[in-house]
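> So that you have it, the file is model.txt, and it contains compact mmCIF, C-alpha atoms:
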```txt
# COMPACT_ATOMS: atom_id res chain seq x y z
CA MET A 1 5.79 9.11 -25.69
CA LEU A 2 6.32 5.91 -23.79
CA GLY A 3 9.06 3.37 -24.41
CA LEU A 4 8.50 -0.31 -24.96
CA SER A 5 9.71 -1.13 -21.44
CA ALA A 6 6.98 1.07 -19.90
CA TYR A 7 4.28 -0.80 -21.83
CA ALA A 8 5.89 -4.13 -20.87
CA ILE A 9 5.96 -3.25 -17.14
CA TRP A 10 2.35 -2.03 -17.32
CA LEU A 11 1.22 -5.28 -18.96
CA LEU A 12 3.30 -7.44 -16.60
CA CYS A 13 1.86 -5.69 -13.56
CA THR A 14 -1.73 -6.06 -14.79
CA LEU A 15 -1.18 -9.75 -15.51
CA ALA A 16 0.40 -10.22 -12.07
CA GLU A 17 -2.60 -8.52 -10.43
CA ALA A 18 -4.99 -10.81 -12.29
CA SER A 19 -2.85 -13.84 -11.42
CA VAL A 20 -3.14 -13.07 -7.68
CA VAL A 21 -6.93 -13.43 -7.96
CA VAL A 22 -6.68 -16.55 -10.14
CA CYS A 23 -4.10 -18.20 -7.84
CA SER A 24 -6.12 -17.50 -4.70
CA LEU A 25 -9.26 -18.83 -6.39
CA VAL A 26 -7.48 -22.00 -7.51
CA ARG A 27 -5.88 -22.54 -4.08
CA GLY A 28 -9.13 -21.84 -2.22
CA SER A 29 -7.91 -18.70 -0.42
CA PHE A 30 -10.17 -16.19 -2.14
CA ARG A 31 -12.75 -15.80 0.62
CA LYS A 32 -10.17 -16.09 3.38
CA TYR A 33 -8.30 -13.05 2.05
CA LEU A 34 -11.29 -11.32 0.50
CA ALA A 35 -10.07 -7.73 1.04
CA LEU A 36 -6.70 -8.50 -0.59
CA ASN A 37 -8.41 -10.04 -3.58
CA LEU A 38 -10.87 -7.18 -3.91
CA TYR A 39 -7.91 -4.80 -3.91
CA MET A 40 -6.30 -6.82 -6.71
CA ILE A 41 -9.55 -6.91 -8.72
CA GLY A 42 -9.76 -3.14 -8.25
CA SER A 43 -6.16 -2.80 -9.45
CA VAL A 44 -6.92 -4.72 -12.65
CA VAL A 45 -10.01 -2.57 -13.32
CA VAL A 46 -7.99 0.60 -12.68
CA SER A 47 -5.20 -0.57 -15.00
CA VAL A 48 -7.70 -1.12 -17.79
CA LEU A 49 -9.37 2.24 -17.09
CA ARG A 50 -6.03 4.05 -17.06
CA TYR A 51 -5.08 2.45 -20.37
CA TRP A 52 -8.39 3.50 -21.89
CA VAL A 53 -7.89 7.11 -20.78
CA PHE A 54 -4.24 6.97 -21.90
CA ALA A 55 -5.23 5.70 -25.36
CA SER A 56 -8.14 8.15 -25.69
CA TYR A 57 -6.61 11.40 -24.42
CA GLY A 58 -2.85 10.89 -24.49
CA TYR A 59 -0.08 10.51 -21.97
CA ALA A 60 0.40 14.25 -21.26
CA SER A 61 -3.30 15.05 -20.96
CA ASP A 62 -4.99 16.40 -17.84
CA GLN A 63 -7.51 13.57 -18.11
CA TYR A 64 -4.79 10.96 -17.71
CA ALA A 65 -3.27 12.78 -14.72
CA PHE A 66 -6.74 13.13 -13.17
CA CYS A 67 -7.52 9.45 -13.71
CA TYR A 68 -4.06 8.36 -12.47
CA TYR A 69 -4.03 10.25 -9.17
CA TYR A 70 -7.71 9.81 -8.29
CA SER A 71 -7.65 6.08 -8.96
CA ASP A 72 -4.47 5.88 -6.88
CA VAL A 73 -6.35 7.29 -3.87
CA LEU A 74 -9.09 4.69 -4.25
CA LEU A 75 -6.56 1.87 -4.54
CA THR A 76 -4.62 3.12 -1.52
CA ILE A 77 -7.80 3.09 0.58
CA CYS A 78 -8.55 -0.45 -0.65
CA LEU A 79 -4.98 -1.49 0.25
CA TYR A 80 -5.44 0.04 3.69
CA PHE A 81 -8.49 -2.15 4.27
CA ALA A 82 -6.59 -5.17 2.93
CA LEU A 83 -3.97 -4.45 5.58
CA THR A 84 -6.61 -4.32 8.32
CA ASN A 85 -7.84 -7.67 7.00
CA LEU A 86 -4.33 -9.08 7.64
CA TYR A 87 -4.48 -7.61 11.16
CA ALA A 88 -7.76 -9.42 11.74
CA HIS A 89 -6.11 -12.71 10.69
CA VAL A 90 -3.07 -12.25 12.92
CA PHE A 91 -5.16 -11.28 15.95
CA GLU A 92 -8.11 -13.62 15.28
CA GLU A 93 -7.45 -15.71 18.41
CA MET A 94 -7.74 -12.58 20.57
CA ALA A 95 -11.22 -11.87 19.14
CA ALA A 96 -10.19 -8.25 18.57
CA GLU A 97 -11.93 -7.83 15.21
CA LYS A 98 -14.32 -5.10 16.42
CA ASN A 99 -11.52 -3.08 17.97
CA ILE A 100 -9.36 -3.46 14.87
CA ARG A 101 -12.23 -2.20 12.70
CA PHE A 102 -12.83 0.71 15.09
CA SER A 103 -9.12 1.65 15.13
CA ALA A 104 -8.86 1.36 11.34
CA ILE A 105 -11.78 3.73 10.75
CA LEU A 106 -10.50 6.15 13.39
CA LEU A 107 -7.06 6.13 11.80
CA LEU A 108 -8.53 6.70 8.34
CA VAL A 109 -10.57 9.66 9.60
CA GLY A 110 -7.52 11.00 11.45
CA THR A 111 -5.37 10.76 8.33
CA ALA A 112 -8.04 12.55 6.28
CA ALA A 113 -8.29 15.30 8.92
CA PHE A 114 -4.49 15.70 9.01
CA SER A 115 -4.38 15.92 5.21
CA LEU A 116 -7.18 18.47 5.23
CA ALA A 117 -5.27 20.59 7.74
CA ILE A 118 -2.20 20.58 5.48
CA VAL A 119 -4.16 21.37 2.33
CA LEU A 120 -6.11 24.21 3.92
CA GLN A 121 -2.84 26.04 4.51
CA SER A 122 -1.52 26.09 1.01
CA SER A 123 -3.50 25.10 -2.00
CA HIS A 124 -5.45 26.56 -4.82
CA ARG A 125 -6.58 23.20 -6.25
CA PHE A 126 -8.12 22.10 -3.02
CA THR A 127 -9.88 18.86 -3.93
CA THR A 128 -7.08 17.48 -6.06
CA ARG A 129 -4.38 18.27 -3.54
CA PHE A 130 -6.48 16.86 -0.72
CA PHE A 131 -6.91 13.47 -2.36
CA VAL A 132 -3.24 13.24 -3.29
CA GLU A 133 -2.25 14.18 0.26
CA VAL A 134 -4.60 11.54 1.72
CA SER A 135 -3.07 8.92 -0.56
CA GLN A 136 0.50 9.77 0.43
CA ASN A 137 -0.30 9.98 4.14
CA LEU A 138 -2.16 6.67 4.03
CA ASN A 139 0.92 5.05 2.50
CA PHE A 140 2.99 6.21 5.48
CA VAL A 141 0.30 5.03 7.90
CA GLY A 142 0.33 1.70 6.06
CA LEU A 143 4.11 1.53 6.41
CA VAL A 144 3.98 2.03 10.19
CA LEU A 145 1.05 -0.40 10.56
CA THR A 146 2.88 -3.05 8.56
CA TYR A 147 6.00 -2.78 10.71
CA ILE A 148 3.83 -3.10 13.82
CA LEU A 149 2.20 -6.16 12.25
CA TRP A 150 5.65 -7.62 11.53
CA GLY A 151 6.46 -7.16 15.23
CA ALA A 152 3.19 -8.84 16.22
CA VAL A 153 3.88 -11.77 13.88
CA PHE A 154 7.26 -12.36 15.52
CA LYS A 155 6.00 -11.74 19.06
CA LEU A 156 2.97 -14.02 18.71
CA ARG A 157 5.14 -16.69 17.03
CA GLU A 158 2.80 -16.82 14.05
CA THR A 159 3.41 -20.03 12.05
CA ARG A 160 1.00 -19.67 9.09
CA THR A 161 3.46 -19.43 6.22
CA GLN A 162 1.11 -17.87 3.68
CA LEU A 163 0.00 -15.15 6.09
CA ILE A 164 3.61 -14.38 7.03
CA GLN A 165 4.59 -14.09 3.37
CA LEU A 166 1.67 -11.77 2.62
CA VAL A 167 2.66 -9.49 5.51
CA LEU A 168 6.35 -9.50 4.58
CA ALA A 169 5.51 -8.66 0.97
CA LEU A 170 3.40 -5.74 2.10
CA GLY A 171 6.25 -4.50 4.29
CA LEU A 172 8.64 -4.69 1.34
CA TYR A 173 6.21 -2.75 -0.86
CA PHE A 174 5.64 0.06 1.65
CA SER A 175 9.36 0.26 2.41
CA LEU A 176 10.16 0.68 -1.29
CA PHE A 177 7.50 3.39 -1.54
CA ALA A 178 8.93 5.28 1.44
CA ALA A 179 12.49 4.93 0.11
CA SER A 180 11.43 6.27 -3.29
CA PHE A 181 9.59 9.18 -1.66
CA ALA A 182 12.58 10.00 0.56
CA LEU A 183 15.13 9.84 -2.25
CA ARG A 184 13.02 12.08 -4.47
CA ASN A 185 12.82 14.67 -1.72
CA LEU A 186 16.49 14.42 -0.80
CA TYR A 187 17.78 14.46 -4.40
CA PRO A 188 15.35 16.45 -6.57
CA PRO A 189 17.62 16.17 -9.65
CA ALA A 190 17.07 12.40 -9.61
CA SER A 191 13.32 12.84 -9.24
CA ASP A 192 12.50 12.00 -12.86
CA LEU A 193 14.56 8.84 -12.77
CA LEU A 194 12.98 7.73 -9.50
CA LYS A 195 9.52 8.62 -10.78
CA ASN A 196 10.01 6.05 -13.51
CA MET A 197 10.63 3.47 -10.79
CA ASP A 198 7.03 3.82 -9.52
CA PRO A 199 5.57 1.25 -11.94
CA ILE A 200 8.30 -1.23 -10.97
CA ILE A 201 7.47 -0.72 -7.28
CA GLY A 202 3.82 -1.22 -8.23
CA CYS A 203 4.72 -4.68 -9.60
CA VAL A 204 6.32 -5.87 -6.36
CA LEU A 205 3.09 -6.44 -4.45
CA PRO A 206 1.14 -8.44 -7.06
CA LEU A 207 4.19 -10.56 -7.95
CA THR A 208 4.99 -11.46 -4.35
CA TRP A 209 1.36 -12.08 -3.43
CA ALA A 210 0.84 -14.24 -6.52
CA TYR A 211 3.90 -16.25 -5.46
CA ALA A 212 2.54 -16.58 -1.90
CA PHE A 213 -0.85 -17.83 -3.12
CA TRP A 214 0.54 -20.14 -5.80
CA ARG A 215 3.56 -21.74 -4.09
CA VAL A 216 2.52 -21.77 -0.43
CA PRO A 217 -0.41 -24.03 0.56
CA SER A 218 -2.97 -22.21 2.68
CA ASP A 219 -2.50 -24.67 5.58
CA ALA A 220 1.32 -24.64 5.49
CA ARG A 221 3.03 -23.92 8.80
CA LEU A 222 6.54 -22.85 9.61
CA ARG A 223 8.44 -25.29 11.76
CA PRO A 224 8.70 -23.78 15.28
CA ALA A 225 12.16 -22.68 16.27
CA GLY A 226 14.16 -25.15 18.32
CA LEU A 227 14.08 -24.93 22.08
CA ALA A 228 16.65 -22.65 23.57
CA VAL A 229 19.39 -24.42 25.46
CA VAL A 230 19.83 -22.82 28.84
CA PRO A 231 23.12 -23.65 30.62
CA ARG A 232 22.65 -24.87 34.17
CA MET B 1 -8.21 -4.72 24.38
CA SER B 2 -10.53 -1.88 25.32
CA ARG B 3 -11.88 0.65 22.87
CA LYS B 4 -9.96 3.45 24.58
CA LEU B 5 -6.70 1.55 24.12
CA ALA B 6 -7.56 0.92 20.47
CA ALA B 7 -8.17 4.66 19.95
CA LEU B 8 -4.90 5.49 21.71
CA MET B 9 -3.01 3.03 19.51
CA ALA B 10 -4.57 4.57 16.39
CA MET B 11 -3.48 8.04 17.46
CA ILE B 12 0.06 6.85 18.21
CA VAL B 13 0.28 5.24 14.77
CA LEU B 14 -1.02 8.42 13.13
CA VAL B 15 1.47 10.62 14.96
CA GLY B 16 4.30 8.19 14.16
CA ALA B 17 3.41 7.98 10.48
CA MET B 18 3.06 11.73 10.04
CA GLY B 19 6.29 12.27 11.95
CA LEU B 20 8.05 9.83 9.65
CA LYS B 21 6.67 11.60 6.60
CA THR B 22 7.78 14.97 7.96
CA VAL B 23 11.30 13.64 8.50
CA VAL B 24 11.42 12.07 5.04
CA ALA B 25 10.09 15.19 3.30
CA ALA B 26 12.05 17.67 5.39
CA HIS B 27 13.58 19.41 2.39
CA SER B 28 10.51 19.59 0.22
CA ASN B 29 6.91 18.46 0.24
CA THR B 30 6.06 18.94 -3.38
CA THR B 31 6.68 15.42 -4.62
CA LEU B 32 3.69 13.46 -5.86
CA THR B 33 4.25 9.77 -5.41
CA ALA B 34 1.86 7.04 -6.40
CA SER B 35 2.79 3.43 -6.76
CA ASN B 36 -0.41 1.47 -7.11
CA GLY B 37 -0.35 -0.48 -10.34
CA GLY B 38 2.12 -0.52 -13.22
CA ALA B 39 0.81 2.43 -15.20
CA PRO B 40 3.42 5.10 -15.97
CA PRO B 41 3.04 8.26 -13.86
CA PRO B 42 1.96 11.39 -15.76
CA PRO B 43 4.92 13.30 -17.23
CA ARG B 44 4.38 16.36 -15.08
CA ASP B 45 3.31 16.68 -11.47
CA TRP B 46 -0.34 17.52 -11.13
CA LYS B 47 -0.81 20.18 -8.46
```
Would you mind writing the structure in this file as structure tokens?

Amino acid sequence: MLGLSAYAIWLLCTLAEASVVVCSLVRGSFRKYLALNLYMIGSVVVSVLRYWVFASYGYASDQYAFCYYYSDVLLTICLYFALTNLYAHVFEEMAAEKNIRFSAILLLVGTAAFSLAIVLQSSHRFTTRFFVEVSQNLNFVGLVLTYILWGAVFKLRETRTQLIQLVLALGLYFSLFAASFALRNLYPPASDLLKNMDPIIGCVLPLTWAYAFWRVPSDARLRPAGLAVVPR
Amino acid sequence: MSRKLAALMAMIVLVGAMGLKTVVAAHSNTTLTASNGGAPPPPRDWK
């Protein structure tokens, strides 16, 4: 049985996901950040689908667990491609789009192969465990990629405010995911409590991206840092 | 950036990410974590 707060967070998150798409459409950024918006549209569809399964079969049913974890894999893959879309924006002046796409696919295949190797060692529910493992590993790959992108943004002195905010929000989201995962492994007794934090972590990304699309104009630029004063 | 360098970067990222996960889950690797969307996670782990 779910509490009122769980329903409220679920609804808030779904509305935030829809508002990302609406805000980017209104501000004219929909096509520019197409992969991000497709991920958000997918998230809204998955939320509705999960609610339908939840209402039809119940919270503790196998159907809900199946729907929850399988849809999570699909969303994680979509988020991974949204991240590569951000890479393409940051490195657009270097015309590295083909190489970024090649690396992204190679990394995805590598992650799947690594997950397969783990699952082959120890599982009786092969398919299920494989997809869950891919999802978790992709989240860690996303975390590392986002930190590298942060470094690139600082190194290349990126000034596009909206792009910077989207990248920072993604870094925050992946960091929270990794922290939750680590704490649950380090302190198993607190696992149930931390598990209930997952939906709150899930709200971080749509809320911060909606803010970035709504409050920051697409052509806004950060003021370059002042010149360094070098003593003679 | 050559294609070989791109492949090398991808492999470095993969090794780094899996290393990080191994460090984080050193004590156990049974946790199922999913954080896409605001739906409540199923009451029991699905393994």
> Counting all atoms listed in the file, collect the residues of chain A whose closest atom lies at most 8 Å from chain B, and write them out as an NGL selection string.
:A and (6 or 9-14 or 43 or 47 or 50-51 or 59-60 or 64-65 or 68-69 or 72 or 75-76 or 96 or 99-100 or 102-104 or 106-107 or 110-111 or 125 or 128-129 or 132 or 135-137 or 140-141 or 143-145 or 177 or 181-182 or 184-186 or 195-196 or 198-203)
> Between CA of Phe81 in chain A and CA of Ile118 in chain A, measure the distance and give it in Å to one decimal.
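Pair CA of Phe81 in chain A / CA of Ile118 in chain A returns 23.6 Å.
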> With a distance cut-off of 7 Å and all atoms listed in the file, select the neighbouring residues of Phe130 in chain A, excluding the residue or stretch itself and same-chain residues fewer than 2 positions from it, and output the selection as a list of chain:residue names.
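Non-adjacent residues within range: A:Ser115, A:Leu116, A:Val119, A:Phe126, A:Thr127, A:Thr128, A:Val132, A:Glu133, A:Val134.
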> Could the residues in this selection be written to a file with C-alpha atoms, as a short mmCIF file (atom, residue, chain, number, x, y, z; two decimals), keeping the file's coordinate frame?

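Written file, again_13.cif:
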```cif
data_model
loop_
_atom_site.label_atom_id
_atom_site.label_comp_id
_atom_site.auth_asym_id
_atom_site.auth_seq_id
_atom_site.Cartn_x
_atom_site.Cartn_y
_atom_site.Cartn_z
CA SER A 115 -4.38 15.92 5.21
CA LEU A 116 -7.18 18.47 5.23
CA VAL A 119 -4.16 21.37 2.33
CA PHE A 126 -8.12 22.10 -3.02
CA THR A 127 -9.88 18.86 -3.93
CA THR A 128 -7.08 17.48 -6.06
CA VAL A 132 -3.24 13.24 -3.29
CA GLU A 133 -2.25 14.18 0.26
CA VAL A 134 -4.60 11.54 1.72
#
```
> Any idea what the distance is between CA of Ser180 in chain A and CA of Thr146 in chain A?
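Distance reported for this atom pair: 17.3 Å.
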